[in-house]
file target_1.txt (compact mmCIF, C-alpha atoms and all ligand atoms)
# COMPACT_ATOMS: atom_id res chain seq x y z
CA MET A 1 -12.31 -7.99 2.89
CA VAL A 2 -12.93 -4.56 4.38
CA VAL A 3 -11.19 -4.06 7.72
CA LYS A 4 -13.09 -1.65 9.91
CA LEU A 5 -10.97 1.00 11.63
CA GLU A 6 -11.79 2.63 14.92
CA LYS A 7 -13.14 6.11 14.27
CA HIS A 8 -10.53 8.85 14.55
CA GLU A 9 -7.69 6.40 14.89
CA ASN A 10 -4.78 8.70 14.19
CA VAL A 11 -2.25 6.66 12.27
CA SER A 12 0.02 9.62 11.57
CA GLY A 13 0.06 10.43 15.28
CA ASP A 14 -0.41 14.16 14.71
CA ALA A 15 -3.45 15.23 16.72
CA ASN A 16 -3.53 18.74 15.25
CA LEU A 17 -4.21 17.43 11.78
CA ALA A 18 -7.07 15.12 12.77
CA ALA A 19 -9.53 18.03 12.84
CA GLN A 20 -9.48 18.15 9.07
CA GLY A 21 -10.37 14.45 8.67
CA PHE A 22 -9.58 11.16 10.36
CA GLY A 23 -5.88 11.94 10.50
CA ARG A 24 -4.97 8.84 8.53
CA ILE A 25 -2.49 10.80 6.50
CA SER A 26 -0.39 9.00 3.95
CA LYS A 27 3.36 9.47 4.03
CA ILE A 28 3.69 8.02 0.55
CA PRO A 29 3.33 10.64 -2.18
CA PRO A 30 1.03 9.75 -5.07
CA PRO A 31 2.65 9.14 -8.48
CA GLU A 32 3.31 12.16 -10.68
CA PHE A 33 2.59 11.77 -14.37
CA ASP A 34 3.90 13.65 -17.36
CA PRO A 35 0.65 14.94 -18.87
CA ILE A 36 1.60 14.08 -22.45
CA VAL A 37 4.02 11.12 -22.30
CA ASP A 38 2.12 9.34 -19.48
CA LYS A 39 -1.38 10.35 -20.56
CA ASP A 40 -2.73 6.77 -20.75
CA ALA A 41 -1.23 5.76 -17.39
CA ALA A 42 -2.63 8.94 -15.82
CA TYR A 43 -6.04 8.11 -17.29
CA LEU A 44 -6.00 4.62 -15.74
CA TYR A 45 -4.80 5.96 -12.39
CA PHE A 46 -7.53 8.62 -12.36
CA SER A 47 -10.20 6.07 -13.32
CA GLU A 48 -9.26 3.95 -10.31
CA HIS A 49 -8.53 6.63 -7.70
CA GLY A 50 -10.54 9.69 -8.79
CA PHE A 51 -7.52 11.98 -9.22
CA ALA A 52 -4.14 12.28 -10.89
CA VAL A 53 -1.13 14.52 -10.28
CA LEU A 54 0.49 15.96 -13.41
CA LYS A 55 3.96 17.45 -13.17
CA GLY A 56 5.31 20.43 -15.08
CA CYS A 57 1.99 21.47 -16.65
CA LEU A 58 2.89 25.16 -16.68
CA ASN A 59 6.27 26.41 -17.85
CA GLU A 60 8.20 29.13 -16.03
CA LYS A 61 6.89 31.85 -18.32
CA GLU A 62 3.28 30.84 -17.63
CA VAL A 63 3.82 30.61 -13.87
CA THR A 64 5.34 34.11 -13.97
CA HIS A 65 2.53 35.42 -16.16
CA LEU A 66 -0.17 34.12 -13.82
CA ASN A 67 1.58 35.35 -10.66
CA ASP A 68 2.06 38.77 -12.29
CA PHE A 69 -1.62 38.66 -13.25
CA ILE A 70 -2.55 38.05 -9.60
CA ASP A 71 -0.26 40.88 -8.39
CA ARG A 72 -1.58 43.26 -11.06
CA THR A 73 -5.29 42.53 -10.55
CA GLN A 74 -5.03 42.75 -6.74
CA LEU A 75 -3.97 46.39 -7.34
CA GLU A 76 -6.24 47.06 -10.33
CA ARG A 77 -9.37 45.27 -9.10
CA PRO A 78 -9.13 44.98 -5.29
CA ASP A 79 -12.92 44.71 -5.06
CA ALA A 80 -12.97 41.65 -7.34
CA TRP A 81 -10.47 40.01 -4.97
CA GLY A 82 -12.61 40.96 -1.94
CA LEU A 83 -9.82 43.24 -0.72
CA THR A 84 -11.89 46.37 -0.17
CA LYS A 85 -14.73 44.86 1.84
CA GLN A 86 -14.84 44.22 5.53
CA ARG A 87 -13.82 40.58 5.59
CA THR A 88 -15.24 37.99 7.97
CA SER A 89 -12.86 35.75 9.89
CA TYR A 90 -13.98 32.86 7.65
CA GLN A 91 -13.00 34.81 4.54
CA HIS A 92 -9.71 35.71 6.14
CA ALA A 93 -9.00 32.08 6.96
CA SER A 94 -10.00 30.77 3.57
CA GLY A 95 -7.98 33.30 1.65
CA LEU A 96 -8.68 35.49 -1.36
CA ILE A 97 -10.49 34.55 -4.53
CA PHE A 98 -10.85 36.30 -7.89
CA SER A 99 -14.01 34.60 -9.10
CA GLN A 100 -14.55 35.42 -12.75
CA PRO A 101 -11.33 36.76 -14.27
CA LEU A 102 -12.27 35.54 -17.77
CA LEU A 103 -15.02 38.17 -17.97
CA ASP A 104 -12.56 41.02 -18.50
CA TYR A 105 -9.20 39.45 -19.33
CA PRO A 106 -8.95 37.75 -22.76
CA GLU A 107 -5.23 37.21 -22.07
CA LEU A 108 -6.43 34.19 -20.03
CA ASP A 109 -8.38 32.53 -22.86
CA PRO A 110 -5.51 30.24 -23.96
CA TYR A 111 -5.39 28.74 -20.46
CA THR A 112 -8.97 27.44 -20.68
CA GLN A 113 -7.77 24.53 -22.84
CA HIS A 114 -4.19 24.34 -21.72
CA PRO A 115 -2.11 22.11 -24.03
CA SER A 116 -0.56 20.19 -21.08
CA SER A 117 -3.65 19.11 -19.15
CA PHE A 118 -6.41 19.44 -21.75
CA PRO A 119 -5.72 16.25 -23.78
CA LEU A 120 -6.07 14.20 -20.58
CA VAL A 121 -9.12 16.21 -19.46
CA ALA A 122 -10.68 15.38 -22.87
CA LYS A 123 -9.90 11.67 -22.50
CA LEU A 124 -11.44 11.67 -19.01
CA MET A 125 -14.59 13.30 -20.37
CA GLY A 126 -14.97 10.82 -23.22
CA GLY A 127 -13.39 12.90 -26.00
CA PHE A 128 -12.64 16.50 -27.02
CA GLU A 129 -16.20 17.00 -28.25
CA ASN A 130 -17.54 16.10 -24.79
CA VAL A 131 -15.68 18.63 -22.65
CA ARG A 132 -17.54 21.70 -21.43
CA PHE A 133 -16.24 24.70 -19.54
CA SER A 134 -17.74 25.38 -16.09
CA GLU A 135 -15.68 27.80 -14.01
CA PHE A 136 -12.27 29.48 -13.77
CA ASN A 137 -10.85 31.32 -10.76
CA PHE A 138 -7.66 32.25 -8.94
CA ARG A 139 -7.07 31.84 -5.21
CA ASP A 140 -4.46 33.36 -2.99
CA THR A 141 -4.04 31.97 0.50
CA PRO A 142 -1.70 34.56 1.99
CA GLU A 143 0.75 34.10 4.82
CA GLY A 144 -0.98 33.57 8.15
CA ALA A 145 -4.34 32.89 6.54
CA GLY A 146 -5.36 30.91 9.59
CA HIS A 147 -6.37 27.44 10.57
CA GLY A 148 -9.41 25.24 10.22
CA ALA A 149 -10.91 26.92 7.20
CA MET A 150 -11.84 23.81 5.28
CA ASN A 151 -13.10 20.34 6.09
CA PHE A 152 -13.15 17.29 3.83
CA HIS A 153 -15.99 17.65 1.35
CA HIS A 154 -16.84 16.92 -2.23
CA ASP A 155 -17.79 19.61 -4.73
CA ALA A 156 -20.82 19.24 -7.02
CA VAL A 157 -22.14 15.66 -7.36
CA ILE A 158 -25.09 13.87 -8.91
CA ALA A 159 -26.71 10.81 -7.33
CA ASP A 160 -26.44 8.85 -10.55
CA ARG A 161 -22.77 8.22 -9.68
CA TYR A 162 -23.75 5.59 -7.08
CA LYS A 163 -25.09 3.11 -9.59
CA ARG A 164 -24.19 3.99 -13.17
CA GLU A 165 -21.97 1.60 -15.12
CA PRO A 166 -19.45 2.38 -16.32
CA TYR A 167 -18.65 5.12 -13.80
CA MET A 168 -16.39 6.99 -16.21
CA PRO A 169 -16.51 9.51 -17.74
CA CYS A 170 -17.06 11.59 -14.61
CA ASP A 171 -19.61 14.40 -14.36
CA TRP A 172 -17.31 17.29 -13.45
CA LEU A 173 -13.64 17.49 -12.97
CA CYS A 174 -11.48 20.21 -11.55
CA ALA A 175 -7.91 21.12 -12.40
CA ILE A 176 -5.97 22.85 -9.64
CA HIS A 177 -2.68 24.28 -10.87
CA TYR A 178 -0.17 25.27 -8.19
CA LEU A 179 1.25 28.71 -8.99
CA THR A 180 3.70 28.59 -6.09
CA ASP A 181 5.73 25.66 -4.74
CA VAL A 182 3.73 23.57 -2.27
CA GLU A 183 5.68 21.59 0.29
CA PRO A 184 4.86 20.38 3.82
CA GLY A 185 3.97 23.56 5.75
CA ASN A 186 2.19 25.26 2.85
CA PRO A 187 -1.58 24.92 2.47
CA ALA A 188 -1.90 21.75 0.36
CA PHE A 189 -4.65 20.08 -1.60
CA CYS A 190 -5.42 16.68 -0.07
CA VAL A 191 -7.57 13.83 -1.40
CA VAL A 192 -9.14 10.58 -0.19
CA PRO A 193 -8.44 8.22 -3.12
CA GLY A 194 -11.32 5.98 -4.19
CA SER A 195 -13.98 7.96 -2.27
CA THR A 196 -16.20 9.15 -5.15
CA ARG A 197 -19.09 6.79 -4.51
CA TYR A 198 -19.62 7.37 -0.77
CA GLN A 199 -22.29 9.59 0.68
CA THR A 200 -20.21 10.80 3.64
CA LEU A 201 -16.56 10.85 4.63
CA GLU A 202 -17.47 8.53 7.53
CA GLU A 203 -18.89 6.03 5.08
CA ALA A 204 -15.73 6.19 2.97
CA TYR A 205 -13.67 5.68 6.16
CA GLU A 206 -15.74 2.70 7.20
CA TYR A 207 -15.94 0.92 3.84
CA LEU A 208 -12.48 1.68 2.50
CA GLY A 209 -10.97 0.38 5.75
CA ASN A 210 -7.24 -0.05 5.33
CA ALA A 211 -7.51 1.52 1.89
CA TYR A 212 -8.68 4.82 3.45
CA TRP A 213 -5.95 7.43 3.24
CA GLU A 214 -5.80 11.19 3.27
CA VAL A 215 -3.16 11.98 0.68
CA PRO A 216 -1.59 15.48 0.74
CA ILE A 217 -0.36 16.68 -2.62
CA TYR A 218 2.90 18.57 -2.70
CA GLY A 219 4.51 19.80 -5.87
CA ASP A 220 6.38 22.59 -7.60
CA ALA A 221 4.68 25.59 -9.13
CA GLY A 222 3.25 24.35 -12.43
CA THR A 223 1.98 21.04 -10.98
CA CYS A 224 -1.64 20.25 -11.84
CA VAL A 225 -3.99 18.05 -9.83
CA LEU A 226 -6.99 16.75 -11.74
CA TYR A 227 -9.79 15.42 -9.55
CA ASP A 228 -13.34 14.19 -9.92
CA THR A 229 -15.53 16.69 -8.00
CA ALA A 230 -17.20 13.71 -6.27
CA LEU A 231 -13.90 12.82 -4.56
CA TYR A 232 -13.53 13.79 -0.88
CA HIS A 233 -10.85 16.43 -0.55
CA THR A 234 -9.77 19.47 1.41
CA ARG A 235 -7.14 22.13 1.62
CA LEU A 236 -4.85 21.21 4.50
CA ASP A 237 -3.90 24.19 6.62
CA GLY A 238 -0.18 23.68 6.64
CA ASP A 239 1.64 25.58 9.37
CA GLY A 240 -0.80 28.50 9.12
CA GLN A 241 2.11 30.78 8.20
CA ARG A 242 3.05 29.94 4.67
CA SER A 243 1.14 31.01 1.58
CA ARG A 244 -0.05 29.36 -1.61
CA ARG A 245 -1.47 30.53 -4.94
CA THR A 246 -3.61 28.41 -7.25
CA TRP A 247 -5.63 28.50 -10.44
CA HIS A 248 -8.84 26.40 -10.31
CA GLN A 249 -10.72 25.39 -13.42
CA TYR A 250 -13.83 23.20 -13.51
CA TYR A 251 -14.96 21.20 -16.53
CA ALA A 252 -18.26 19.41 -17.13
CA ARG A 253 -19.25 16.57 -19.46
CA GLY A 254 -21.42 17.17 -22.50
CA GLY A 255 -23.55 14.79 -24.59
CA TRP A 256 -25.82 11.83 -23.79
CA LEU A 257 -24.64 8.37 -22.71
CA PRO A 258 -26.16 5.06 -21.60
CA SER A 259 -26.07 4.68 -17.81
CA SER A 260 -26.17 0.91 -17.65
CA LEU A 261 -24.10 -1.82 -19.29
CA GLU A 262 -27.28 -3.92 -19.59
CA ASP A 263 -29.03 -1.27 -21.61
CA ILE A 264 -26.41 0.36 -23.81
CA GLU A 265 -28.99 1.22 -26.47
CA ASN A 266 -30.72 3.61 -24.11
CA TYR A 267 -29.08 7.02 -23.73
CA THR A 268 -30.44 7.91 -20.29
CA ARG A 269 -27.41 9.83 -18.95
CA PRO A 270 -27.84 13.51 -19.93
CA PRO A 271 -25.15 16.21 -20.17
CA THR A 272 -23.92 17.28 -16.72
CA PRO A 273 -26.07 20.05 -15.16
CA VAL A 274 -24.66 23.56 -14.70
CA LEU A 275 -22.19 23.91 -11.84
CA THR A 276 -23.40 27.25 -10.45
CA ASN A 277 -26.32 29.61 -10.95
CA TRP A 278 -24.08 32.70 -11.09
CA ASN A 279 -21.06 31.95 -13.26
CA LEU A 280 -21.06 34.01 -16.49
CA PHE A 281 -19.27 33.52 -19.82
CA PRO A 282 -18.34 36.68 -21.75
CA GLU A 283 -19.71 37.32 -25.23
CA ARG A 284 -16.40 36.64 -26.99
CA LEU A 285 -16.45 33.05 -25.63
CA ALA A 286 -20.19 32.25 -25.39
CA LEU A 287 -20.79 33.42 -28.97
CA HIS A 288 -17.37 32.54 -30.38
CA PRO A 289 -17.23 32.27 -34.20
CA ASP A 290 -15.66 28.80 -33.96
CA PRO A 291 -18.44 26.20 -33.37
CA ALA A 292 -16.17 23.91 -31.30
CA THR A 293 -15.33 26.80 -28.93
CA ARG A 294 -19.02 27.73 -28.74
CA LEU A 295 -19.84 24.14 -27.79
CA PHE A 296 -17.11 24.23 -25.11
CA PHE A 297 -18.77 27.33 -23.59
CA SER A 298 -22.34 26.09 -24.11
CA HIS A 299 -23.34 25.07 -20.55
CA TRP A 300 -25.22 28.28 -19.70
CA ASN A 301 -27.08 28.80 -16.43
CA THR A 302 -30.26 30.92 -16.25
CA ALA A 303 -28.29 34.04 -15.22
CA GLN A 304 -26.20 33.62 -18.38
CA CYS A 305 -29.35 33.15 -20.50
CA GLU A 306 -30.72 36.43 -19.16
CA TRP A 307 -27.39 38.17 -19.76
CA VAL A 308 -27.27 36.92 -23.37
CA ALA A 309 -30.89 38.03 -23.92
CA SER A 310 -29.95 41.51 -22.68
CA GLY A 311 -27.22 41.73 -25.32
CA PHE A 312 -24.53 41.28 -22.59
CA SER A 313 -25.63 44.52 -20.88
CA GLU A 314 -23.16 45.98 -18.37
CA GLU A 315 -26.03 46.97 -16.15
CA ILE A 316 -27.44 43.44 -15.96
CA ARG A 317 -23.97 42.04 -15.31
CA ASN A 318 -23.25 44.50 -12.53
CA ALA A 319 -26.49 43.57 -10.81
CA MET A 320 -25.35 39.94 -10.55
CA PRO A 321 -23.43 38.52 -7.58
CA ARG A 322 -19.68 38.32 -8.40
CA GLY A 323 -20.37 39.90 -11.81
CA ASN A 324 -19.47 43.34 -10.52
CA LYS A 325 -16.96 45.38 -12.42
O1 LIG A 401 -7.79 25.11 -2.44
C1 LIG A 401 -7.79 23.89 -2.28
O2 LIG A 401 -6.75 23.23 -2.08
C2 LIG A 401 -9.11 23.17 -2.30
C3 LIG A 401 -10.26 24.07 -2.58
C4 LIG A 401 -11.58 23.38 -2.55
O3 LIG A 401 -11.69 22.22 -2.33
C5 LIG A 401 -12.81 24.13 -2.83
O4 LIG A 401 -12.76 25.36 -2.89
O5 LIG A 401 -13.87 23.50 -2.98
FE FE A 402 -13.62 21.53 -2.95
call {"tool": "encode", "arguments": {"input": "target_1.txt", "output": "structure tokens", "more": "lines below"}}
Ligand SMILES: O=C(O)CCC(=O)C(=O)O
Ligand SMILES: [Fe+2]
result
Amino acid sequence: MVVKLEKHENVSGDANLAAQGFGRISKIPPPEFDPIVDKDAAYLYFSEHGFAVLKGCLNEKEVTHLNDFIDRTQLERPDAWGLTKQRTSYQHASGLIFSQPLLDYPELDPYTQHPSSFPLVAKLMGGFENVRFSEFNFRDTPEGAGHGAMNFHHDAVIADRYKREPYMPCDWLCAIHYLTDVEPGNPAFCVVPGSTRYQTLEEAYEYLGNAYWEVPIYGDAGTCVLYDTALYHTRLDGDGQRSRRTWHQYYARGGWLPSSLEDIENYTRPPTPVLTNWNLFPERLALHPDPATRLFFSHWNTAQCEWVASGFSEEIRNAMPRGNK
């Protein structure tokens, strides 16, 4: 039975936090899985809740490499980080983003199928041959980045998720890797477990009843959170003083599937649509000599198609939003 809660009942008792949701903040941390040893358990947990927390996905050397990369590129490419432009208060509050680092930095290529998280990502997408790359970026929420930047939302969704059976594999998933330690007080990723099939956060609140929780995710640098983009989530502000760095990578599902258990002969569920109309894949990845890598980078949007047709022209790239060198 679903027990209906009064709207904005603040179970945690902290009025300041209610602005970013209903304030029904869980004090119980979600389980952390080892990405390799606990892969099957993490898969089951994700299938039920729409997310899974994976511990120790990046080793110390990788965490250092990626933090050094952020330091280096903020000096080398301040424009790509939005550091040279007049920034709006929204941009200030939401922090810095380096949108398309893969375009110019092949040193990042090995991270696109990271050996810790990728086997589970592949299982969640129905197999290695069904995973497609969508997007890769770094974010830096510096000290004092401000309050109230983000509300609960889902990322890209398709309506088919309301009725298809089985629900899994999901359409897109995102991997957020913490590059700095995240504890109470830091900006923290926060999810509403089991909320992938609701149209609004209010609806999730109403129908999930006592099962509705806003679950902040704390973890050491190197922790990875995998979530279905249809899941309601936000970045909690923290104390507005402390910082956080993250690497965000989105994956999509490739191939055709049946969308109903009654009609499993009929492959009516197409590959997931493209995530954005601006994200570009560089030539070395889009036209990679290895067919499996080419397939991984095969979800091209129309901007990419035009860029490929131009022979990956610098001029065409520079005319595109966020493509600027
Ligand atoms: O940075 C985070 O913790 C969440 C970011 C997010 O949800 C988004 O950019 O859509
Ligand atoms: Fe989001």
call {"tool": "closest_residue", "arguments": {"input": "target_1.txt", "among": "A:Val121, A:Ala303, A:Val131, A:Leu226", "to": "ligand LIG 401 (chain A)", "atoms": "all atoms listed in the file"}}
result
A:Leu226
call {"tool": "closest_residue", "arguments": {"input": "target_1.txt", "among": "A:Cys170, A:Val215, A:Ile70, A:Leu179", "to": "A:Thr196", "atoms": "all atoms listed in the file"}}
result
A:Cys170
call {"tool": "closest_atom_pairs", "arguments": {"input": "target_1.txt", "of": "chain A", "to": "ligand FE 402 (chain A)", "cutoff": "9 Å", "atoms": "only C-alpha atoms and all ligand atoms", "output": "tab-separated table"}}
result
residue	atom	partner	partner_atom	distance
A:Met150	CA	A:FE402	FE	8.7
A:Phe152	CA	A:FE402	FE	8.0
A:His153	CA	A:FE402	FE	6.3
A:His154	CA	A:FE402	FE	5.7
A:Asp155	CA	A:FE402	FE	4.9
A:Ala156	CA	A:FE402	FE	8.6
A:Cys174	CA	A:FE402	FE	9.0
A:Thr229	CA	A:FE402	FE	7.3
A:Leu231	CA	A:FE402	FE	8.9
A:Tyr232	CA	A:FE402	FE	8.0
A:His233	CA	A:FE402	FE	6.3
A:Thr234	CA	A:FE402	FE	6.2
A:Arg235	CA	A:FE402	FE	8.0
call {"tool": "closest_residue", "arguments": {"input": "target_1.txt", "among": "A:Arg245, A:Arg161, A:Lys61, A:Arg197", "to": "A:Val182", "atoms": "all atoms listed in the file"}}
result
A:Arg245
call {"tool": "closest_atom_pairs", "arguments": {"input": "target_1.txt", "of": "stretch 94-146 of chain A", "to": "stretch 284-292 of chain A", "cutoff": "9 Å", "atoms": "only C-alpha atoms", "output": "JSON lines"}}
result
{"residue": "A:Pro106", "atom": "CA", "partner": "A:Arg284", "partner_atom": "CA", "distance": 8.6}
{"residue": "A:Asp109", "atom": "CA", "partner": "A:Leu285", "partner_atom": "CA", "distance": 8.5}
{"residue": "A:Glu129", "atom": "CA", "partner": "A:Ala292", "partner_atom": "CA", "distance": 7.6}
call {"tool": "atom_distance", "arguments": {"input": "target_1.txt", "atom1": "atom CA of A:Ser116", "atom2": "atom CA of A:Pro35"}}
result
5.8 Å
call {"tool": "axis_aligned_box", "arguments": {"input": "target_1.txt", "around": "ligand LIG 401 (chain A)", "padding_each_side": "8 Å", "output": "JSON"}}
result
{"center_x": -10.3, "center_y": 23.8, "center_z": -2.5, "size_x": 23.1, "size_y": 19.1, "size_z": 16.9}
call {"tool": "residues_around", "arguments": {"input": "target_1.txt", "residues": "stretch 184-190 of chain A", "least_positions_apart": "2", "cutoff": "10 Å", "atoms": "all atoms listed in the file", "output": "PyMOL selection string"}}
result
chain A and resi 25+141-143+145+147+152+176+178+180-182+192-193+213-219+225+232-245
